[in-house]
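Text of entry.tsv (TSV, C-alpha atoms) as supplied:
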chain	number	residue	atom	x	y	z
A	214	MET	CA	47.77	-102.36	-106.44
A	215	ALA	CA	51.04	-100.55	-107.16
A	216	GLN	CA	51.54	-97.30	-105.25
A	217	GLN	CA	52.11	-94.23	-107.34
A	218	PRO	CA	55.17	-92.07	-106.62
A	219	PHE	CA	54.24	-88.89	-104.81
A	220	TYR	CA	55.23	-85.53	-106.19
A	221	GLN	CA	57.50	-83.76	-103.76
A	222	PRO	CA	58.13	-80.04	-104.35
A	223	ASN	CA	61.73	-78.79	-104.21
A	224	PHE	CA	61.37	-76.72	-101.07
A	225	CYS	CA	60.50	-79.87	-99.10
A	226	LYS	CA	64.23	-80.58	-98.81
A	227	TYR	CA	64.59	-77.72	-96.34
A	228	LEU	CA	61.72	-78.78	-94.09
A	229	PRO	CA	61.89	-81.32	-91.27
A	230	GLU	CA	60.17	-84.56	-92.33
A	231	SER	CA	57.39	-84.29	-89.78
A	232	ASP	CA	56.19	-80.98	-91.31
A	233	ILE	CA	55.56	-82.37	-94.79
A	234	ASP	CA	51.88	-83.06	-95.33
A	235	PHE	CA	51.37	-85.78	-97.91
A	236	SER	CA	47.61	-86.02	-97.46
A	237	LYS	CA	46.79	-83.79	-100.47
A	238	GLU	CA	48.92	-85.82	-102.85
A	239	ILE	CA	47.71	-89.15	-101.49
A	240	SER	CA	44.00	-88.42	-101.76
A	241	LYS	CA	44.15	-88.15	-105.57
A	242	GLN	CA	43.12	-91.35	-107.30
A	243	GLN	CA	43.43	-92.30	-110.95
A	244	VAL	CA	39.95	-92.48	-112.51
A	245	LEU	CA	40.61	-93.32	-116.18
A	246	GLY	CA	43.09	-95.70	-117.76
A	247	LYS	CA	43.21	-98.39	-115.04
A	248	HIS	CA	42.61	-102.12	-115.40
A	249	LEU	CA	39.08	-103.16	-114.45
A	250	SER	CA	40.31	-105.18	-111.47
A	251	ASP	CA	42.19	-102.16	-110.05
A	252	TYR	CA	39.00	-100.17	-109.46
A	253	ALA	CA	37.20	-100.29	-106.12
A	254	LEU	CA	34.82	-103.22	-106.62
A	255	SER	CA	31.43	-103.71	-104.97
A	256	ASP	CA	30.25	-107.03	-103.49
A	257	THR	CA	28.91	-108.09	-106.90
A	258	GLY	CA	32.26	-107.45	-108.57
A	259	ILE	CA	31.38	-104.33	-110.53
A	260	PRO	CA	33.38	-101.09	-110.14
A	261	TYR	CA	31.62	-98.55	-107.91
A	262	ILE	CA	32.09	-95.84	-110.55
A	263	LEU	CA	30.00	-97.80	-113.07
A	264	ILE	CA	27.26	-98.48	-110.52
A	265	ALA	CA	27.15	-94.79	-109.58
A	266	THR	CA	26.83	-93.64	-113.20
A	267	THR	CA	24.09	-96.14	-114.08
A	268	LEU	CA	22.24	-95.33	-110.85
A	269	PHE	CA	22.26	-91.68	-111.88
A	270	PHE	CA	20.21	-92.58	-114.96
A	271	GLU	CA	17.96	-95.09	-113.21
A	272	ALA	CA	17.08	-92.65	-110.43
A	273	ASP	CA	15.19	-90.36	-112.83
A	274	GLU	CA	13.68	-91.58	-116.10
A	275	THR	CA	13.70	-88.14	-117.72
A	276	ARG	CA	17.51	-88.34	-117.80
A	277	ILE	CA	17.36	-91.27	-120.24
A	278	GLN	CA	14.69	-89.61	-122.39
A	279	ILE	CA	17.01	-86.91	-123.75
A	280	GLU	CA	17.23	-87.15	-127.53
A	281	GLY	CA	20.50	-88.62	-128.76
A	282	ILE	CA	21.88	-89.65	-125.38
A	283	PHE	CA	25.19	-91.59	-125.81
A	284	ARG	CA	25.43	-90.16	-129.33
A	285	ARG	CA	25.85	-86.50	-128.45
A	286	VAL	CA	28.90	-85.22	-126.55
A	287	SER	CA	29.01	-82.89	-123.55
A	288	ALA	CA	31.07	-79.77	-122.88
A	289	ALA	CA	34.68	-80.78	-122.26
A	290	SER	CA	34.95	-78.47	-119.23
A	291	ASP	CA	32.00	-80.18	-117.49
A	292	LEU	CA	33.53	-83.59	-118.11
A	293	GLN	CA	36.87	-82.41	-116.69
A	294	LYS	CA	35.08	-81.12	-113.58
A	295	LEU	CA	33.47	-84.53	-113.07
A	296	ILE	CA	36.76	-86.36	-113.47
A	297	SER	CA	38.63	-84.09	-111.07
A	298	ASN	CA	35.86	-84.56	-108.49
A	299	LEU	CA	36.01	-88.34	-108.85
A	300	GLU	CA	39.80	-88.21	-108.46
A	301	LEU	CA	39.27	-86.67	-105.04
A	302	GLY	CA	36.77	-89.41	-104.12
A	303	ASN	CA	33.80	-87.04	-104.25
A	304	TYR	CA	31.24	-89.52	-105.63
A	305	GLU	CA	28.30	-87.44	-104.41
A	306	TYR	CA	29.09	-84.92	-107.15
A	307	VAL	CA	27.74	-87.45	-109.69
A	308	PHE	CA	24.23	-87.08	-108.28
A	309	SER	CA	24.33	-83.27	-108.31
A	310	ILE	CA	24.99	-83.03	-112.07
A	311	LYS	CA	22.16	-81.44	-114.04
A	312	GLU	CA	23.32	-82.34	-117.57
A	313	PRO	CA	22.99	-86.13	-118.16
A	314	LEU	CA	25.13	-85.90	-121.32
A	315	VAL	CA	28.19	-85.38	-119.09
A	316	LEU	CA	27.77	-88.83	-117.55
A	317	SER	CA	26.89	-90.56	-120.82
A	318	ASP	CA	30.09	-89.07	-122.24
A	319	PHE	CA	32.03	-90.22	-119.17
A	320	LEU	CA	30.80	-93.81	-119.61
A	321	LYS	CA	32.19	-93.87	-123.16
A	322	LYS	CA	35.50	-92.37	-122.02
A	323	PHE	CA	35.75	-94.93	-119.23
A	324	PHE	CA	35.59	-97.86	-121.65
A	325	VAL	CA	37.79	-96.30	-124.33
A	326	ASN	CA	40.58	-95.72	-121.82
A	327	LEU	CA	40.68	-99.27	-120.40
A	328	PRO	CA	44.17	-100.72	-121.13
A	329	ASP	CA	42.51	-104.07	-121.96
A	330	PRO	CA	39.19	-103.66	-123.78
A	331	LEU	CA	36.01	-105.03	-122.20
A	332	PHE	CA	35.73	-107.63	-124.98
A	333	PRO	CA	39.25	-109.14	-125.15
A	334	TYR	CA	41.26	-109.01	-128.38
A	335	TYR	CA	40.49	-112.58	-129.40
A	336	VAL	CA	36.75	-111.93	-129.07
A	337	TYR	CA	37.13	-109.15	-131.67
A	338	GLU	CA	38.55	-111.67	-134.15
A	339	ASP	CA	36.06	-114.41	-133.27
A	340	LEU	CA	32.93	-112.25	-133.46
A	341	LEU	CA	33.78	-111.25	-137.05
A	342	LYS	CA	32.49	-114.66	-138.10
A	343	PHE	CA	29.08	-113.70	-136.71
A	344	PRO	CA	26.34	-115.37	-138.80
A	345	SER	CA	24.16	-112.62	-140.27
A	346	LYS	CA	22.34	-111.70	-143.46
A	347	SER	CA	23.13	-108.00	-143.48
A	348	ILE	CA	26.87	-108.65	-143.71
A	349	PHE	CA	26.60	-109.82	-147.32
A	350	LEU	CA	24.67	-106.71	-148.34
A	351	VAL	CA	27.34	-104.44	-146.88
A	352	ASN	CA	30.06	-106.42	-148.58
A	353	ILE	CA	28.57	-105.69	-152.00
A	354	GLU	CA	28.16	-101.96	-151.30
A	355	ILE	CA	31.85	-101.53	-150.41
B	161	MET	CA	19.64	-116.43	-140.33
B	162	PRO	CA	17.68	-117.73	-137.33
B	163	GLU	CA	18.30	-115.82	-134.11
B	164	ASN	CA	18.88	-118.99	-132.12
B	165	GLU	CA	21.96	-119.79	-134.14
B	166	GLN	CA	23.36	-116.30	-133.52
B	167	LEU	CA	22.78	-116.59	-129.77
B	168	VAL	CA	24.52	-119.97	-129.62
B	169	PHE	CA	27.44	-118.49	-131.53
B	170	VAL	CA	27.79	-115.53	-129.14
B	171	LYS	CA	27.59	-117.82	-126.10
B	172	LYS	CA	30.36	-120.00	-127.51
B	173	VAL	CA	32.67	-117.02	-128.16
B	174	LEU	CA	32.14	-115.54	-124.68
B	175	GLN	CA	32.86	-118.83	-122.87
B	176	ASP	CA	36.46	-118.10	-121.91
B	177	VAL	CA	36.15	-114.37	-121.18
B	178	PRO	CA	37.24	-113.46	-117.59
B	179	LYS	CA	34.42	-113.40	-115.03
B	180	LEU	CA	34.93	-109.75	-114.11
B	181	ASN	CA	34.47	-108.68	-117.74
B	182	ILE	CA	31.33	-110.81	-118.04
B	183	LYS	CA	29.81	-109.19	-114.94
B	184	VAL	CA	30.48	-105.69	-116.28
B	185	MET	CA	29.08	-106.74	-119.69
B	186	ILE	CA	25.83	-107.96	-118.15
B	187	HIS	CA	25.52	-104.77	-116.10
B	188	MET	CA	26.04	-102.53	-119.12
B	189	LEU	CA	23.90	-104.55	-121.57
B	190	LYS	CA	20.97	-104.59	-119.13
B	191	PHE	CA	21.35	-100.87	-118.67
B	192	PHE	CA	21.28	-100.34	-122.44
B	193	LYS	CA	18.16	-102.45	-122.68
B	194	SER	CA	16.48	-100.15	-120.17
B	195	VAL	CA	17.56	-97.17	-122.32
B	196	THR	CA	15.91	-98.66	-125.41
B	197	LYS	CA	12.55	-98.77	-123.57
B	198	PHE	CA	12.38	-95.00	-124.17
B	199	GLU	CA	13.44	-95.13	-127.81
B	200	SER	CA	10.43	-93.10	-128.90
B	201	TYR	CA	11.83	-90.18	-126.85
B	202	ASN	CA	15.60	-90.53	-127.16
B	203	LYS	CA	15.69	-92.17	-130.61
B	204	MET	CA	18.39	-94.56	-129.43
B	205	THR	CA	17.41	-98.01	-130.63
B	206	ALA	CA	19.53	-101.07	-129.86
B	207	LYS	CA	21.15	-100.62	-133.28
B	208	ASN	CA	22.11	-96.99	-132.60
B	209	ILE	CA	23.56	-97.80	-129.18
B	210	GLY	CA	25.52	-100.65	-130.78
B	211	ILE	CA	27.03	-98.25	-133.32
B	212	CYS	CA	27.96	-95.74	-130.58
B	213	PHE	CA	29.66	-98.28	-128.31
B	214	VAL	CA	31.61	-100.46	-130.76
B	215	PRO	CA	34.72	-98.21	-130.64
B	216	CYS	CA	34.52	-98.25	-126.80
B	217	PHE	CA	34.09	-101.97	-126.24
B	218	PHE	CA	36.15	-103.49	-129.06
B	219	LYS	CA	39.75	-102.83	-130.00
B	220	ARG	CA	41.89	-104.43	-132.66
B	221	ASP	CA	44.88	-106.33	-131.29
B	222	PRO	CA	47.92	-104.00	-131.66
B	223	GLU	CA	50.11	-107.09	-132.27
B	224	ASN	CA	48.02	-108.05	-135.29
B	225	LYS	CA	50.41	-107.58	-138.20
B	226	GLU	CA	47.86	-107.65	-141.00
B	227	PRO	CA	47.82	-104.32	-142.85
B	228	LYS	CA	45.04	-101.91	-141.86
B	229	VAL	CA	42.66	-101.52	-144.78
B	230	LEU	CA	39.93	-98.92	-144.37
B	231	ASN	CA	37.24	-100.99	-146.08
B	232	THR	CA	37.79	-104.05	-143.88
B	233	LEU	CA	37.90	-101.92	-140.71
B	234	VAL	CA	34.57	-100.33	-141.64
B	235	LEU	CA	33.11	-103.72	-142.46
B	236	ASN	CA	34.36	-105.10	-139.12
B	237	SER	CA	32.71	-102.31	-137.16
B	238	VAL	CA	29.43	-102.91	-139.03
B	239	ILE	CA	29.50	-106.61	-138.12
B	240	LEU	CA	30.39	-105.87	-134.49
B	241	SER	CA	27.67	-103.23	-134.14
B	242	HIS	CA	25.13	-105.72	-135.49
B	243	CYS	CA	26.43	-108.23	-132.97
B	244	LEU	CA	26.13	-105.73	-130.08
B	245	GLU	CA	22.58	-104.92	-131.20
B	246	ILE	CA	21.55	-108.57	-130.91
B	247	MET	CA	23.33	-108.91	-127.57
B	248	ILE	CA	21.42	-105.91	-126.18
B	249	LYS	CA	18.10	-107.30	-127.39
B	250	ASN	CA	18.70	-110.79	-125.97
B	251	VAL	CA	20.72	-110.16	-122.79
B	252	ASP	CA	18.47	-112.31	-120.66
B	253	GLU	CA	18.84	-115.32	-122.95
B	254	ILE	CA	22.60	-115.05	-123.50
B	255	PHE	CA	23.27	-114.56	-119.78
B	256	PRO	CA	20.51	-116.40	-117.91
B	257	GLU	CA	19.89	-115.18	-114.35
B	258	ASN	CA	22.02	-116.79	-111.70
B	259	GLN	CA	23.00	-115.94	-108.14
B	260	ASP	CA	25.35	-113.16	-109.18
B	261	THR	CA	22.79	-111.19	-111.14
B	262	ILE	CA	20.10	-111.66	-108.49
B	263	ALA	CA	22.46	-110.26	-105.87
B	264	LEU	CA	23.14	-107.33	-108.20
B	265	HIS	CA	19.46	-106.43	-108.41
B	266	LYS	CA	19.24	-106.44	-104.63
B	267	ILE	CA	22.14	-104.01	-104.42
B	268	ILE	CA	20.66	-101.69	-107.01
B	269	LYS	CA	17.53	-101.40	-104.90
B	270	LYS	CA	19.56	-100.07	-102.01
B	271	LYS	CA	20.46	-96.87	-103.83
B	272	THR	CA	21.12	-94.56	-100.92
B	273	TYR	CA	23.01	-97.26	-99.05
B	274	ILE	CA	25.54	-97.60	-101.85
B	275	VAL	CA	26.30	-93.90	-101.95
B	276	GLN	CA	27.13	-93.98	-98.26
B	277	GLU	CA	29.26	-97.06	-98.76
B	278	LEU	CA	31.20	-95.32	-101.51
B	279	LYS	CA	32.09	-92.48	-99.21
B	280	ASN	CA	33.16	-94.79	-96.39
B	281	TYR	CA	35.30	-96.91	-98.67
B	282	ASP	CA	37.30	-93.96	-99.96
B	283	GLU	CA	37.83	-92.42	-96.56
B	284	ASN	CA	39.10	-95.74	-95.24
B	285	GLU	CA	41.47	-96.21	-98.13
B	286	VAL	CA	42.88	-92.69	-97.84
B	287	SER	CA	43.36	-92.91	-94.08
B	288	ASN	CA	45.05	-96.30	-94.48
B	289	LYS	CA	47.48	-94.88	-96.99
B	290	VAL	CA	48.31	-91.92	-94.74
B	291	PHE	CA	48.91	-94.30	-91.88
B	292	LEU	CA	51.18	-96.49	-93.99
B	293	LYS	CA	53.18	-93.50	-95.20
B	294	LYS	CA	53.68	-92.19	-91.67
B	295	SER	CA	54.63	-95.56	-90.23
B	296	HIS	CA	57.09	-96.01	-93.10
B	297	GLN	CA	58.76	-92.70	-92.31
B	298	LYS	CA	59.29	-93.64	-88.69

Show me, as structure tokens, the structure contained in the file I just sent.
Amino acid sequence: MAQQPFYQPNFCKYLPESDIDFSKEISKQQVLGKHLSDYALSDTGIPYILIATTLFFEADETRIQIEGIFRRVSAASDLQKLISNLELGNYEYVFSIKEPLVLSDFLKKFFVNLPDPLFPYYVYEDLLKFPSKSIFLVNIEI
Amino acid sequence: MPENEQLVFVKKVLQDVPKLNIKVMIHMLKFFKSVTKFESYNKMTAKNIGICFVPCFFKRDPENKEPKVLNTLVLNSVILSHCLEIMIKNVDEIFPENQDTIALHKIIKKKTYIVQELKNYDENEVSNKVFLKKSHQK
């Protein structure tokens, strides 16, 4: 995994090297927009973030029963809060969220921002030949 | 069109997809199937979930030089959403259970254990990085 360059404020030039504390800059991790293999993977080879989000829904069935889950969007500020907490490695925050729509929205954002889509480009082209009746009906309507 | 034919087609297309992607696919498709069990409450059938997740899972190749025509793009997304719908309904037949998926179920049962593991992993990584940075400076 490539190391990101650390932001060093201007005044750091005047300090002795031993006084500069990098820990705050280092602890921030990129959450969205990484390749799948760059995420912290569990033993089964699935990113921890995905396991945490699905566990959130499986822990309590009433969270899945909300009408229009995955279709409706959450408040942008709540989503930003979640992302900034995950950047700091605070995974426990996921389980303290009261609005399930925030996590369903996060799941969608996670997959949209992957540099390589979950289904590779050639699968997109190949699946278009999918044998189905309904395709012909749609073709006529358009 | 018989469903068997569609399943064979999907299996054939997904043959050469990287293993990591396949594992994530299985995880997500099984999760969606569990969501559809409550479709009388949340009104999210397999079809609706397919429509919602097509723009997340599929992207057109940016190097594809064919002109973008709105009608064909709409038609493509309809076909792909239909495809996702059938994949959600028949996850267990497209990806039959093997050692990987069995191990996954075991891990999901240990819910609290995973949360602890998550914390430990991040702390270790951060402390390693700090150590590396300091040793580099010296």

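Atom pair CA of Phe323 in chain A / CA of Ile296 in chain A has a distance of 10.4 Å (rounded to one decimal).
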
TODO: Kindly determine which residues of chain A lie within 6 Å of chain B, considering all atoms listed in the file, and give the answer as a PyMOL selection string.
DONE: chain A and resi 240+257+259+278-281+324-325+330-332+334+345

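Take CA of Gln243 in chain A and CA of Ile282 in chain A: the distance between them is 26.1 Å.
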
Task: Distance query 12 Å from (25.1, -87.5, -122.2) using all atoms listed in the file, result as an MDAnalysis selection string - done: (chainID A and resid 266:267 269:270 276:289 291:292 310:322) or (chainID B and resid 202)

Task: Gap from CA of Ser255 in chain A to CA of Ala206 in chain B - Å, one decimal - done: 27.7 Å
